[in-house]
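See below for target_32.cif, which holds mmCIF, C-alpha atoms; chains and numbers go by the auth columns.
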```
data_my_file
loop_
_atom_site.group_PDB
_atom_site.id
_atom_site.type_symbol
_atom_site.label_atom_id
_atom_site.label_comp_id
_atom_site.label_asym_id
_atom_site.label_seq_id
_atom_site.Cartn_x
_atom_site.Cartn_y
_atom_site.Cartn_z
_atom_site.B_iso_or_equiv
_atom_site.auth_seq_id
_atom_site.auth_asym_id
ATOM 1 C CA MET A 1 -13.596 -13.125 -12.837 0.00 1 P
ATOM 2 C CA SER A 2 -14.434 -16.700 -11.883 0.00 2 P
ATOM 3 C CA GLY A 3 -14.002 -16.461 -8.104 0.00 3 P
ATOM 4 C CA VAL A 4 -11.506 -19.341 -8.045 0.00 4 P
ATOM 5 C CA LEU A 5 -9.922 -17.965 -4.845 0.00 5 P
ATOM 6 C CA ALA A 6 -13.160 -17.280 -2.996 0.00 6 P
ATOM 7 C CA GLY A 7 -12.682 -17.512 0.777 0.00 7 P
ATOM 8 C CA LYS A 8 -8.898 -17.824 0.554 0.00 8 P
ATOM 9 C CA ALA A 9 -6.568 -15.774 2.767 0.00 9 P
ATOM 10 C CA ALA A 10 -3.505 -14.550 0.885 0.00 10 P
ATOM 11 C CA VAL A 11 -0.278 -12.788 1.856 0.00 11 P
ATOM 12 C CA ILE A 12 1.846 -10.993 -0.737 0.00 12 P
ATOM 13 C CA THR A 13 5.299 -9.593 0.005 0.00 13 P
ATOM 14 C CA GLY A 14 6.488 -6.834 -2.256 0.00 14 P
ATOM 15 C CA GLY A 15 2.800 -6.141 -2.650 0.00 15 P
ATOM 16 C CA SER A 16 2.636 -2.360 -2.985 0.00 16 P
ATOM 17 C CA THR A 17 3.771 -1.919 -6.596 0.00 17 P
ATOM 18 C CA GLY A 18 4.384 -3.747 -9.849 0.00 18 P
ATOM 19 C CA ILE A 19 3.756 -7.490 -9.980 0.00 19 P
ATOM 20 C CA GLY A 20 2.798 -7.652 -6.306 0.00 20 P
ATOM 21 C CA LEU A 21 0.165 -4.947 -6.645 0.00 21 P
ATOM 22 C CA ALA A 22 -1.239 -6.474 -9.837 0.00 22 P
ATOM 23 C CA THR A 23 -1.447 -9.841 -8.101 0.00 23 P
ATOM 24 C CA ALA A 24 -3.188 -8.336 -5.075 0.00 24 P
ATOM 25 C CA ARG A 25 -5.777 -6.861 -7.427 0.00 25 P
ATOM 26 C CA ARG A 26 -6.228 -10.196 -9.209 0.00 26 P
ATOM 27 C CA PHE A 27 -6.546 -12.125 -5.938 0.00 27 P
ATOM 28 C CA LEU A 28 -9.177 -9.683 -4.694 0.00 28 P
ATOM 29 C CA ASP A 29 -11.070 -9.958 -7.972 0.00 29 P
ATOM 30 C CA GLU A 30 -11.018 -13.736 -7.570 0.00 30 P
ATOM 31 C CA GLY A 31 -12.568 -13.515 -4.096 0.00 31 P
ATOM 32 C CA ALA A 32 -9.572 -13.750 -1.770 0.00 32 P
ATOM 33 C CA SER A 33 -8.769 -11.568 1.228 0.00 33 P
ATOM 34 C CA VAL A 34 -5.285 -10.096 0.925 0.00 34 P
ATOM 35 C CA VAL A 35 -2.523 -8.822 3.188 0.00 35 P
ATOM 36 C CA ILE A 36 0.147 -6.901 1.306 0.00 36 P
ATOM 37 C CA ALA A 37 3.595 -6.258 2.763 0.00 37 P
ATOM 38 C CA GLY A 38 6.216 -3.785 1.632 0.00 38 P
ATOM 39 C CA ARG A 39 9.026 -1.603 2.913 0.00 39 P
ATOM 40 C CA ARG A 40 7.576 1.832 2.068 0.00 40 P
ATOM 41 C CA GLN A 41 4.539 2.965 4.011 0.00 41 P
ATOM 42 C CA SER A 42 3.672 5.632 1.445 0.00 42 P
ATOM 43 C CA GLU A 43 3.466 3.037 -1.327 0.00 43 P
ATOM 44 C CA LEU A 44 1.408 0.718 0.853 0.00 44 P
ATOM 45 C CA ASP A 45 -1.036 3.528 1.610 0.00 45 P
ATOM 46 C CA LYS A 46 -1.414 4.290 -2.102 0.00 46 P
ATOM 47 C CA ALA A 47 -1.932 0.607 -2.892 0.00 47 P
ATOM 48 C CA VAL A 48 -4.695 0.196 -0.308 0.00 48 P
ATOM 49 C CA ALA A 49 -6.418 3.327 -1.618 0.00 49 P
ATOM 50 C CA GLU A 50 -6.238 1.946 -5.155 0.00 50 P
ATOM 51 C CA LEU A 51 -7.397 -1.593 -4.400 0.00 51 P
ATOM 52 C CA ALA A 52 -11.029 -2.542 -3.847 0.00 52 P
ATOM 53 C CA GLY A 53 -11.874 -5.347 -1.455 0.00 53 P
ATOM 54 C CA ASP A 54 -10.693 -6.965 1.739 0.00 54 P
ATOM 55 C CA VAL A 55 -7.080 -5.785 1.842 0.00 55 P
ATOM 56 C CA ILE A 56 -4.735 -4.888 4.715 0.00 56 P
ATOM 57 C CA ALA A 57 -1.215 -3.454 4.436 0.00 57 P
ATOM 58 C CA VAL A 58 1.643 -4.133 6.864 0.00 58 P
ATOM 59 C CA ARG A 59 4.994 -2.373 6.541 0.00 59 P
ATOM 60 C CA THR A 60 7.608 -5.107 6.314 0.00 60 P
ATOM 61 C CA ASP A 61 11.254 -5.362 5.341 0.00 61 P
ATOM 62 C CA VAL A 62 11.660 -9.065 4.564 0.00 62 P
ATOM 63 C CA SER A 63 15.383 -8.904 5.355 0.00 63 P
ATOM 64 C CA LYS A 64 14.461 -8.310 9.017 0.00 64 P
ATOM 65 C CA ILE A 65 13.164 -11.274 10.984 0.00 65 P
ATOM 66 C CA ASP A 66 11.409 -9.033 13.509 0.00 66 P
ATOM 67 C CA ASP A 67 9.460 -7.401 10.669 0.00 67 P
ATOM 68 C CA LEU A 68 8.372 -10.796 9.370 0.00 68 P
ATOM 69 C CA ASP A 69 7.300 -11.862 12.851 0.00 69 P
ATOM 70 C CA HIS A 70 5.271 -8.640 13.141 0.00 70 P
ATOM 71 C CA LEU A 71 3.682 -9.287 9.740 0.00 71 P
ATOM 72 C CA TYR A 72 2.603 -12.798 10.611 0.00 72 P
ATOM 73 C CA ALA A 73 1.378 -11.808 14.068 0.00 73 P
ATOM 74 C CA HIS A 74 -0.893 -9.313 12.321 0.00 74 P
ATOM 75 C CA VAL A 75 -1.990 -11.944 9.806 0.00 75 P
ATOM 76 C CA GLU A 76 -2.806 -14.360 12.610 0.00 76 P
ATOM 77 C CA LYS A 77 -4.828 -11.707 14.427 0.00 77 P
ATOM 78 C CA THR A 78 -6.796 -10.526 11.391 0.00 78 P
ATOM 79 C CA ARG A 79 -7.001 -13.638 9.190 0.00 79 P
ATOM 80 C CA GLY A 80 -6.184 -16.592 11.398 0.00 80 P
ATOM 81 C CA ARG A 81 -4.439 -18.519 8.649 0.00 81 P
ATOM 82 C CA ILE A 82 -2.665 -18.295 5.288 0.00 82 P
ATOM 83 C CA ASP A 83 -3.995 -20.252 2.316 0.00 83 P
ATOM 84 C CA ILE A 84 -1.798 -18.555 -0.296 0.00 84 P
ATOM 85 C CA LEU A 85 1.659 -17.052 0.188 0.00 85 P
ATOM 86 C CA PHE A 86 3.155 -15.108 -2.718 0.00 86 P
ATOM 87 C CA ALA A 87 6.803 -14.486 -1.777 0.00 87 P
ATOM 88 C CA ASN A 88 7.435 -11.750 -4.294 0.00 88 P
ATOM 89 C CA ALA A 89 9.698 -9.188 -2.580 0.00 89 P
ATOM 90 C CA SER A 90 13.108 -8.765 -4.180 0.00 90 P
ATOM 91 C CA ILE A 91 15.559 -6.154 -5.419 0.00 91 P
ATOM 92 C CA ALA A 92 17.661 -5.770 -8.550 0.00 92 P
ATOM 93 C CA GLN A 93 20.479 -3.252 -8.755 0.00 93 P
ATOM 94 C CA PRO A 94 22.838 -3.036 -11.746 0.00 94 P
ATOM 95 C CA HIS A 95 26.424 -4.111 -11.159 0.00 95 P
ATOM 96 C CA THR A 96 29.464 -4.944 -13.254 0.00 96 P
ATOM 97 C CA LEU A 97 32.007 -7.656 -12.548 0.00 97 P
ATOM 98 C CA GLY A 98 35.193 -5.990 -11.355 0.00 98 P
ATOM 99 C CA ALA A 99 33.277 -3.233 -9.595 0.00 99 P
ATOM 100 C CA ILE A 100 30.819 -5.112 -7.388 0.00 100 P
ATOM 101 C CA ALA A 101 30.488 -3.553 -3.945 0.00 101 P
ATOM 102 C CA GLU A 102 30.222 -5.758 -0.867 0.00 102 P
ATOM 103 C CA ASP A 103 27.097 -4.003 0.360 0.00 103 P
ATOM 104 C CA LEU A 104 25.360 -4.661 -2.984 0.00 104 P
ATOM 105 C CA VAL A 105 25.986 -8.394 -2.589 0.00 105 P
ATOM 106 C CA ASP A 106 24.832 -8.288 1.021 0.00 106 P
ATOM 107 C CA ARG A 107 21.631 -6.448 0.101 0.00 107 P
ATOM 108 C CA HIS A 108 20.732 -8.885 -2.680 0.00 108 P
ATOM 109 C CA LEU A 109 21.370 -11.872 -0.436 0.00 109 P
ATOM 110 C CA ASP A 110 19.526 -10.319 2.514 0.00 110 P
ATOM 111 C CA ILE A 111 16.339 -9.653 0.548 0.00 111 P
ATOM 112 C CA ASN A 112 16.324 -12.135 -2.338 0.00 112 P
ATOM 113 C CA VAL A 113 17.647 -15.194 -0.487 0.00 113 P
ATOM 114 C CA LYS A 114 17.537 -14.760 3.294 0.00 114 P
ATOM 115 C CA GLY A 115 14.343 -12.732 3.060 0.00 115 P
ATOM 116 C CA LEU A 116 12.743 -15.384 0.880 0.00 116 P
ATOM 117 C CA VAL A 117 13.789 -18.218 3.185 0.00 117 P
ATOM 118 C CA PHE A 118 12.349 -16.588 6.286 0.00 118 P
ATOM 119 C CA THR A 119 9.261 -15.267 4.523 0.00 119 P
ATOM 120 C CA VAL A 120 8.355 -18.903 3.944 0.00 120 P
ATOM 121 C CA GLU A 121 9.818 -20.296 7.186 0.00 121 P
ATOM 122 C CA ARG A 122 7.951 -17.885 9.443 0.00 122 P
ATOM 123 C CA ALA A 123 4.689 -18.379 7.525 0.00 123 P
ATOM 124 C CA LEU A 124 4.563 -22.158 7.997 0.00 124 P
ATOM 125 C CA PRO A 125 2.744 -22.219 11.358 0.00 125 P
ATOM 126 C CA LEU A 126 -0.105 -20.259 9.754 0.00 126 P
ATOM 127 C CA MET A 127 -0.121 -22.068 6.410 0.00 127 P
ATOM 128 C CA SER A 128 -3.190 -24.196 5.785 0.00 128 P
ATOM 129 C CA ASP A 129 -2.613 -27.814 4.869 0.00 129 P
ATOM 130 C CA GLY A 130 -3.269 -27.997 1.159 0.00 130 P
ATOM 131 C CA GLY A 131 -2.213 -24.378 0.711 0.00 131 P
ATOM 132 C CA SER A 132 -0.079 -22.836 -2.003 0.00 132 P
ATOM 133 C CA ILE A 133 3.251 -21.008 -1.929 0.00 133 P
ATOM 134 C CA ILE A 134 4.432 -19.136 -5.017 0.00 134 P
ATOM 135 C CA VAL A 135 7.917 -17.647 -5.289 0.00 135 P
ATOM 136 C CA THR A 136 8.934 -14.969 -7.779 0.00 136 P
ATOM 137 C CA SER A 137 12.011 -16.112 -9.664 0.00 137 P
ATOM 138 C CA SER A 138 13.094 -14.634 -13.012 0.00 138 P
ATOM 139 C CA THR A 139 14.148 -15.565 -16.516 0.00 139 P
ATOM 140 C CA ASP A 140 17.526 -14.260 -15.360 0.00 140 P
ATOM 141 C CA GLY A 141 17.708 -17.189 -12.949 0.00 141 P
ATOM 142 C CA VAL A 142 18.231 -19.414 -15.983 0.00 142 P
ATOM 143 C CA LYS A 143 19.824 -17.089 -18.544 0.00 143 P
ATOM 144 C CA GLY A 144 21.818 -14.635 -16.451 0.00 144 P
ATOM 145 C CA GLY A 145 23.206 -11.596 -18.197 0.00 145 P
ATOM 146 C CA PRO A 146 25.769 -8.808 -18.028 0.00 146 P
ATOM 147 C CA GLY A 147 25.257 -6.297 -15.259 0.00 147 P
ATOM 148 C CA ARG A 148 23.058 -8.590 -13.187 0.00 148 P
ATOM 149 C CA SER A 149 25.150 -11.588 -12.162 0.00 149 P
ATOM 150 C CA VAL A 150 24.464 -11.340 -8.418 0.00 150 P
ATOM 151 C CA TYR A 151 20.751 -10.749 -8.966 0.00 151 P
ATOM 152 C CA SER A 152 20.567 -13.689 -11.382 0.00 152 P
ATOM 153 C CA ALA A 153 22.343 -15.950 -8.902 0.00 153 P
ATOM 154 C CA THR A 154 19.836 -15.082 -6.176 0.00 154 P
ATOM 155 C CA LYS A 155 16.955 -15.898 -8.528 0.00 155 P
ATOM 156 C CA ALA A 156 18.534 -19.246 -9.364 0.00 156 P
ATOM 157 C CA ALA A 157 18.804 -19.896 -5.616 0.00 157 P
ATOM 158 C CA GLY A 158 15.098 -19.178 -5.172 0.00 158 P
ATOM 159 C CA ARG A 159 14.242 -21.613 -7.928 0.00 159 P
ATOM 160 C CA ASN A 160 16.218 -24.355 -6.211 0.00 160 P
ATOM 161 C CA LEU A 161 14.639 -23.625 -2.828 0.00 161 P
ATOM 162 C CA VAL A 162 11.284 -24.351 -4.453 0.00 162 P
ATOM 163 C CA ARG A 163 12.497 -27.796 -5.502 0.00 163 P
ATOM 164 C CA SER A 164 13.471 -28.644 -1.922 0.00 164 P
ATOM 165 C CA TRP A 165 10.474 -27.063 -0.184 0.00 165 P
ATOM 166 C CA MET A 166 8.053 -28.872 -2.466 0.00 166 P
ATOM 167 C CA GLN A 167 9.411 -32.162 -1.113 0.00 167 P
ATOM 168 C CA GLU A 168 9.644 -31.031 2.509 0.00 168 P
ATOM 169 C CA LEU A 169 6.029 -29.824 2.570 0.00 169 P
ATOM 170 C CA ALA A 170 4.535 -32.778 0.727 0.00 170 P
ATOM 171 C CA GLY A 171 3.202 -34.239 3.972 0.00 171 P
ATOM 172 C CA ARG A 172 1.060 -31.143 4.458 0.00 172 P
ATOM 173 C CA ARG A 173 -0.035 -31.096 0.809 0.00 173 P
ATOM 174 C CA ILE A 174 1.332 -27.576 0.446 0.00 174 P
ATOM 175 C CA ARG A 175 2.287 -26.929 -3.154 0.00 175 P
ATOM 176 C CA VAL A 176 5.344 -24.777 -3.845 0.00 176 P
ATOM 177 C CA ASN A 177 5.939 -23.298 -7.289 0.00 177 P
ATOM 178 C CA ALA A 178 7.918 -20.492 -8.882 0.00 178 P
ATOM 179 C CA VAL A 179 6.899 -17.970 -11.496 0.00 179 P
ATOM 180 C CA SER A 180 9.603 -16.441 -13.693 0.00 180 P
ATOM 181 C CA PRO A 181 8.734 -13.147 -15.382 0.00 181 P
ATOM 182 C CA GLY A 182 10.745 -11.796 -18.280 0.00 182 P
ATOM 183 C CA ALA A 183 11.100 -8.058 -18.825 0.00 183 P
ATOM 184 C CA THR A 184 7.989 -6.763 -17.058 0.00 184 P
ATOM 185 C CA GLU A 185 7.036 -3.087 -17.136 0.00 185 P
ATOM 186 C CA THR A 186 7.109 -2.271 -13.444 0.00 186 P
ATOM 187 C CA PRO A 187 8.489 0.645 -11.402 0.00 187 P
ATOM 188 C CA GLY A 188 11.281 -1.675 -10.265 0.00 188 P
ATOM 189 C CA LEU A 189 12.386 -2.364 -13.828 0.00 189 P
ATOM 190 C CA ALA A 190 12.037 1.317 -14.710 0.00 190 P
ATOM 191 C CA SER A 191 14.475 2.157 -11.906 0.00 191 P
ATOM 192 C CA LEU A 192 17.208 0.328 -13.852 0.00 192 P
ATOM 193 C CA ALA A 193 16.930 2.704 -16.819 0.00 193 P
ATOM 194 C CA GLY A 194 19.687 4.955 -15.482 0.00 194 P
ATOM 195 C CA ASP A 195 20.081 8.047 -17.649 0.00 195 P
ATOM 196 C CA MET A 196 17.968 6.585 -20.458 0.00 196 P
ATOM 197 C CA PRO A 197 14.340 7.743 -20.654 0.00 197 P
ATOM 198 C CA VAL A 198 12.135 4.974 -19.281 0.00 198 P
ATOM 199 C CA ALA A 199 10.104 4.704 -22.500 0.00 199 P
ATOM 200 C CA ASP A 200 13.305 4.239 -24.520 0.00 200 P
ATOM 201 C CA PHE A 201 14.585 1.699 -21.989 0.00 201 P
ATOM 202 C CA PHE A 202 11.393 -0.343 -22.222 0.00 202 P
ATOM 203 C CA SER A 203 11.513 -0.149 -26.030 0.00 203 P
ATOM 204 C CA HIS A 204 15.098 -1.389 -25.967 0.00 204 P
ATOM 205 C CA LEU A 205 14.102 -4.370 -23.823 0.00 205 P
ATOM 206 C CA ALA A 206 11.057 -5.123 -25.976 0.00 206 P
ATOM 207 C CA ALA A 207 13.277 -5.331 -29.052 0.00 207 P
ATOM 208 C CA GLY A 208 14.962 -8.369 -27.514 0.00 208 P
ATOM 209 C CA MET A 209 11.710 -10.174 -26.756 0.00 209 P
ATOM 210 C CA PRO A 210 10.513 -12.846 -29.206 0.00 210 P
ATOM 211 C CA GLY A 211 7.136 -11.124 -29.576 0.00 211 P
ATOM 212 C CA GLY A 212 8.618 -7.651 -29.703 0.00 212 P
ATOM 213 C CA ARG A 213 6.885 -6.504 -26.524 0.00 213 P
ATOM 214 C CA ASN A 214 7.472 -6.578 -22.787 0.00 214 P
ATOM 215 C CA ILE A 215 5.338 -8.430 -20.248 0.00 215 P
ATOM 216 C CA GLN A 216 2.692 -6.538 -18.279 0.00 216 P
ATOM 217 C CA PRO A 217 2.241 -7.050 -14.504 0.00 217 P
ATOM 218 C CA ASP A 218 -1.345 -8.298 -15.019 0.00 218 P
ATOM 219 C CA GLU A 219 -0.017 -11.154 -17.144 0.00 219 P
ATOM 220 C CA VAL A 220 2.231 -12.331 -14.334 0.00 220 P
ATOM 221 C CA ALA A 221 -0.617 -11.890 -11.841 0.00 221 P
ATOM 222 C CA ALA A 222 -2.837 -14.181 -13.927 0.00 222 P
ATOM 223 C CA ALA A 223 -0.184 -16.901 -13.805 0.00 223 P
ATOM 224 C CA VAL A 224 0.242 -16.524 -10.045 0.00 224 P
ATOM 225 C CA ALA A 225 -3.530 -16.718 -9.512 0.00 225 P
ATOM 226 C CA PHE A 226 -3.622 -19.906 -11.562 0.00 226 P
ATOM 227 C CA LEU A 227 -0.827 -21.506 -9.522 0.00 227 P
ATOM 228 C CA ALA A 228 -2.638 -20.487 -6.317 0.00 228 P
ATOM 229 C CA SER A 229 -5.947 -21.992 -7.418 0.00 229 P
ATOM 230 C CA HIS A 230 -7.402 -25.481 -7.317 0.00 230 P
ATOM 231 C CA ASP A 231 -7.081 -25.528 -11.110 0.00 231 P
ATOM 232 C CA ALA A 232 -3.352 -26.080 -10.498 0.00 232 P
ATOM 233 C CA SER A 233 -3.861 -28.781 -7.865 0.00 233 P
ATOM 234 C CA GLY A 234 -1.653 -31.224 -9.778 0.00 234 P
ATOM 235 C CA ILE A 235 1.162 -28.735 -10.327 0.00 235 P
ATOM 236 C CA ASN A 236 4.009 -28.721 -7.834 0.00 236 P
ATOM 237 C CA GLY A 237 7.669 -27.701 -7.875 0.00 237 P
ATOM 238 C CA ILE A 238 7.604 -26.066 -11.301 0.00 238 P
ATOM 239 C CA ASP A 239 9.019 -22.827 -12.621 0.00 239 P
ATOM 240 C CA LEU A 240 6.346 -21.201 -14.792 0.00 240 P
ATOM 241 C CA PRO A 241 7.934 -18.729 -17.243 0.00 241 P
ATOM 242 C CA VAL A 242 5.880 -15.634 -18.054 0.00 242 P
ATOM 243 C CA ASP A 243 8.426 -14.157 -20.388 0.00 243 P
ATOM 244 C CA GLY A 244 7.026 -14.159 -23.913 0.00 244 P
ATOM 245 C CA GLY A 245 9.432 -16.979 -24.797 0.00 245 P
ATOM 246 C CA LEU A 246 12.597 -15.090 -23.822 0.00 246 P
ATOM 247 C CA GLY A 247 13.889 -17.994 -21.761 0.00 247 P
ATOM 248 C CA GLN A 248 13.718 -20.307 -24.772 0.00 248 P
ATOM 249 C CA ILE A 249 16.189 -18.390 -26.931 0.00 249 P
#
```
How does this structure look as structure tokens?
Amino acid sequence: MSGVLAGKAAVITGGSTGIGLATARRFLDEGASVVIAGRRQSELDKAVAELAGDVIAVRTDVSKIDDLDHLYAHVEKTRGRIDILFANASIAQPHTLGAIAEDLVDRHLDINVKGLVFTVERALPLMSDGGSIIVTSSTDGVKGGPGRSVYSATKAAGRNLVRSWMQELAGRRIRVNAVSPGATETPGLASLAGDMPVADFFSHLAAGMPGGRNIQPDEVAAAVAFLASHDASGINGIDLPVDGGLGQI
């Protein structure tokens, strides 16, 4: 690795598995210190044991303001600042129009929209001027699709928040960008397989990808690390697809 994030202090929500965990590993490899946040203590403990480097885990449900305040109090105590914020925590649960439950909508909005807003809002006092915020959106935020309308709408909302925040934080030279993965082989995606074997589910998704394969978490992590680095100093307000071209068809 090139050490492009050497000396940087990073916070990653949804950091215990999947894209968040892969990004934590990439940030550490690039020289950053990392705080990972997630809802499940057992997964956080496994992540810390797996990762090598300066990493701390804080149990956090981003839908709860008190949890976010606790997270950032710990970050302030142990790191003193945030140079990179990767707001990655989100949920996706299958749902069909005509049978959408109210609590499913509430949960998606609480985590994917409200949680995102306050993950960024509560981080601002600790954010370094000239820092970088990256938000996880999705190809679904542009394309949508059956069985995921509410999820897709929340991802479109996150993309538009980036457009506004980029302008609001310009005076502090804080860049705000989104990254939009396509079908990425993570435990979260595997949980949507239902009764289908996970391997068959992933194969089914890969068949719809232009390159005939799904995205790997490390590929998304590489894009996030780029957006967080000085190499992307002229990039602001974009949505970077990491989807194998899926969003273009």
Please expand the PyMOL selection byres ((chain P and resi 184) around 12) into the concrete residues it hits in this file, giving the result as an MDAnalysis selection string. chainID P and resid 18:20 22 138:139 180:183 185:190 201:203 205:206 209 213:221 241:244 246
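Proximity to P:Ser63 was assessed for P:Lys114, P:Leu51, P:Ile91, P:Phe27 counting all atoms listed in the file; the smallest distance is recorded for P:Lys114.
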Under the PyMOL selection byres ((chain P and resi 69) around 12), which residues of this model are included? Write them out as a VMD selection string. chain P and resid 58 to 68 70 to 76 118 to 126
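Surrounding residues of (-7.8, -22.3, -5.2) at most 10 Å away are P:Gly3, P:Val4, P:Leu5, P:Ala6, P:Gly7, P:Lys8, P:Glu30, P:Ala32, P:Asp83, P:Ile84, P:Gly130, P:Gly131, P:Ser132, P:Ala225, P:Phe226, P:Leu227, P:Ala228, P:Ser229, P:His230, P:Asp231, P:Ala232, P:Ser233 (based on only C-alpha atoms).
Those residues returned by the PyMOL selection byres ((chain P and resi 94) around 9) for this file are Ala92, Gln93, His95, Thr96, Gly147, Arg148, Ser149, Tyr151 and Leu192 of chain P.
If only C-alpha atoms are the atoms counted, then among P:Leu85, P:Ala49, P:Ile134, P:Ala101 the closest residue to P:Val150 is P:Ala101.
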Sphere at (3.4, -32.4, -3.0), radius 12 Å, counting all atoms listed in the file: residues as a short mmCIF file (atom, residue, chain, number, x, y, z; two decimals) with C-alpha atoms, in the coordinates of the input:
```
data_model
loop_
_atom_site.label_atom_id
_atom_site.label_comp_id
_atom_site.auth_asym_id
_atom_site.auth_seq_id
_atom_site.Cartn_x
_atom_site.Cartn_y
_atom_site.Cartn_z
CA ASP P 129 -2.61 -27.81 4.87
CA GLY P 130 -3.27 -28.00 1.16
CA GLY P 131 -2.21 -24.38 0.71
CA SER P 132 -0.08 -22.84 -2.00
CA ILE P 133 3.25 -21.01 -1.93
CA VAL P 162 11.28 -24.35 -4.45
CA ARG P 163 12.50 -27.80 -5.50
CA SER P 164 13.47 -28.64 -1.92
CA TRP P 165 10.47 -27.06 -0.18
CA MET P 166 8.05 -28.87 -2.47
CA GLN P 167 9.41 -32.16 -1.11
CA GLU P 168 9.64 -31.03 2.51
CA LEU P 169 6.03 -29.82 2.57
CA ALA P 170 4.54 -32.78 0.73
CA GLY P 171 3.20 -34.24 3.97
CA ARG P 172 1.06 -31.14 4.46
CA ARG P 173 -0.04 -31.10 0.81
CA ILE P 174 1.33 -27.58 0.45
CA ARG P 175 2.29 -26.93 -3.15
CA VAL P 176 5.34 -24.78 -3.84
CA ASN P 177 5.94 -23.30 -7.29
CA ALA P 232 -3.35 -26.08 -10.50
CA SER P 233 -3.86 -28.78 -7.86
CA GLY P 234 -1.65 -31.22 -9.78
CA ILE P 235 1.16 -28.74 -10.33
CA ASN P 236 4.01 -28.72 -7.83
CA GLY P 237 7.67 -27.70 -7.88
CA ILE P 238 7.60 -26.07 -11.30
#
```
Could you work out an axis-aligned bounding box for all listed atoms of stretch 226-235 of chain P, with 3 Å added on each of the six sides, and give its centre and edge lengths in Å to one decimal, as JSON?
```
{"center_x": -3.1, "center_y": -25.6, "center_z": -8.9, "size_x": 14.6, "size_y": 17.3, "size_z": 11.2}
```
Calculated over all atoms listed in the file, which of the candidates P:Leu161, P:Ala52, P:Ile36, P:Ala153 has the smallest distance to P:Val135? P:Leu161
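Going from atom CA of P:Leu109 to atom CA of P:Leu97 covers 16.7 Å.
Closest approach to P:Ile82 among P:Ser42, P:Leu28, P:Asp103, P:Val35: P:Val35, based on all atoms listed in the file.
Closest to P:Gly158 among P:Leu21, P:Ala193, P:Ala89, P:Leu104 is P:Ala89, based on only C-alpha atoms.
Between atom CA of P:Ser128 and atom CA of P:Thr154 lies a distance of 27.5 Å.
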Could you complete stretch 118-128 of chain P so that it carries N, CA, C and O atoms, and give it back as a compact mmCIF listing (two decimals), keeping the file's coordinate frame?
```
# COMPACT_ATOMS: atom_id res chain seq x y z
N PHE P 118 13.08 -16.83 5.04
CA PHE P 118 12.35 -16.59 6.29
C PHE P 118 10.93 -16.09 6.05
O PHE P 118 10.07 -16.24 6.93
N THR P 119 10.65 -15.54 4.88
CA THR P 119 9.26 -15.27 4.52
C THR P 119 8.46 -16.56 4.53
O THR P 119 7.34 -16.61 5.06
N VAL P 120 9.03 -17.61 3.98
CA VAL P 120 8.36 -18.90 3.94
C VAL P 120 8.43 -19.59 5.30
O VAL P 120 7.43 -20.09 5.82
N GLU P 121 9.62 -19.61 5.90
CA GLU P 121 9.82 -20.30 7.19
C GLU P 121 8.86 -19.78 8.25
O GLU P 121 8.20 -20.56 8.95
N ARG P 122 8.77 -18.46 8.38
CA ARG P 122 7.95 -17.89 9.44
C ARG P 122 6.45 -17.99 9.14
O ARG P 122 5.63 -17.87 10.05
N ALA P 123 6.10 -18.23 7.89
CA ALA P 123 4.69 -18.38 7.52
C ALA P 123 4.14 -19.77 7.82
O ALA P 123 2.92 -19.94 7.95
N LEU P 124 5.01 -20.76 7.94
CA LEU P 124 4.56 -22.16 8.00
C LEU P 124 3.57 -22.46 9.12
O LEU P 124 2.61 -23.21 8.90
N PRO P 125 3.74 -21.91 10.33
CA PRO P 125 2.74 -22.22 11.36
C PRO P 125 1.33 -21.77 11.01
O PRO P 125 0.36 -22.33 11.52
N LEU P 126 1.21 -20.76 10.14
CA LEU P 126 -0.10 -20.26 9.75
C LEU P 126 -0.60 -20.86 8.45
O LEU P 126 -1.78 -20.69 8.10
N MET P 127 0.28 -21.54 7.71
CA MET P 127 -0.12 -22.07 6.41
C MET P 127 -1.13 -23.20 6.57
O MET P 127 -0.95 -24.12 7.38
N SER P 128 -2.19 -23.13 5.79
CA SER P 128 -3.19 -24.20 5.78
C SER P 128 -2.64 -25.43 5.08
O SER P 128 -1.95 -25.30 4.06
```
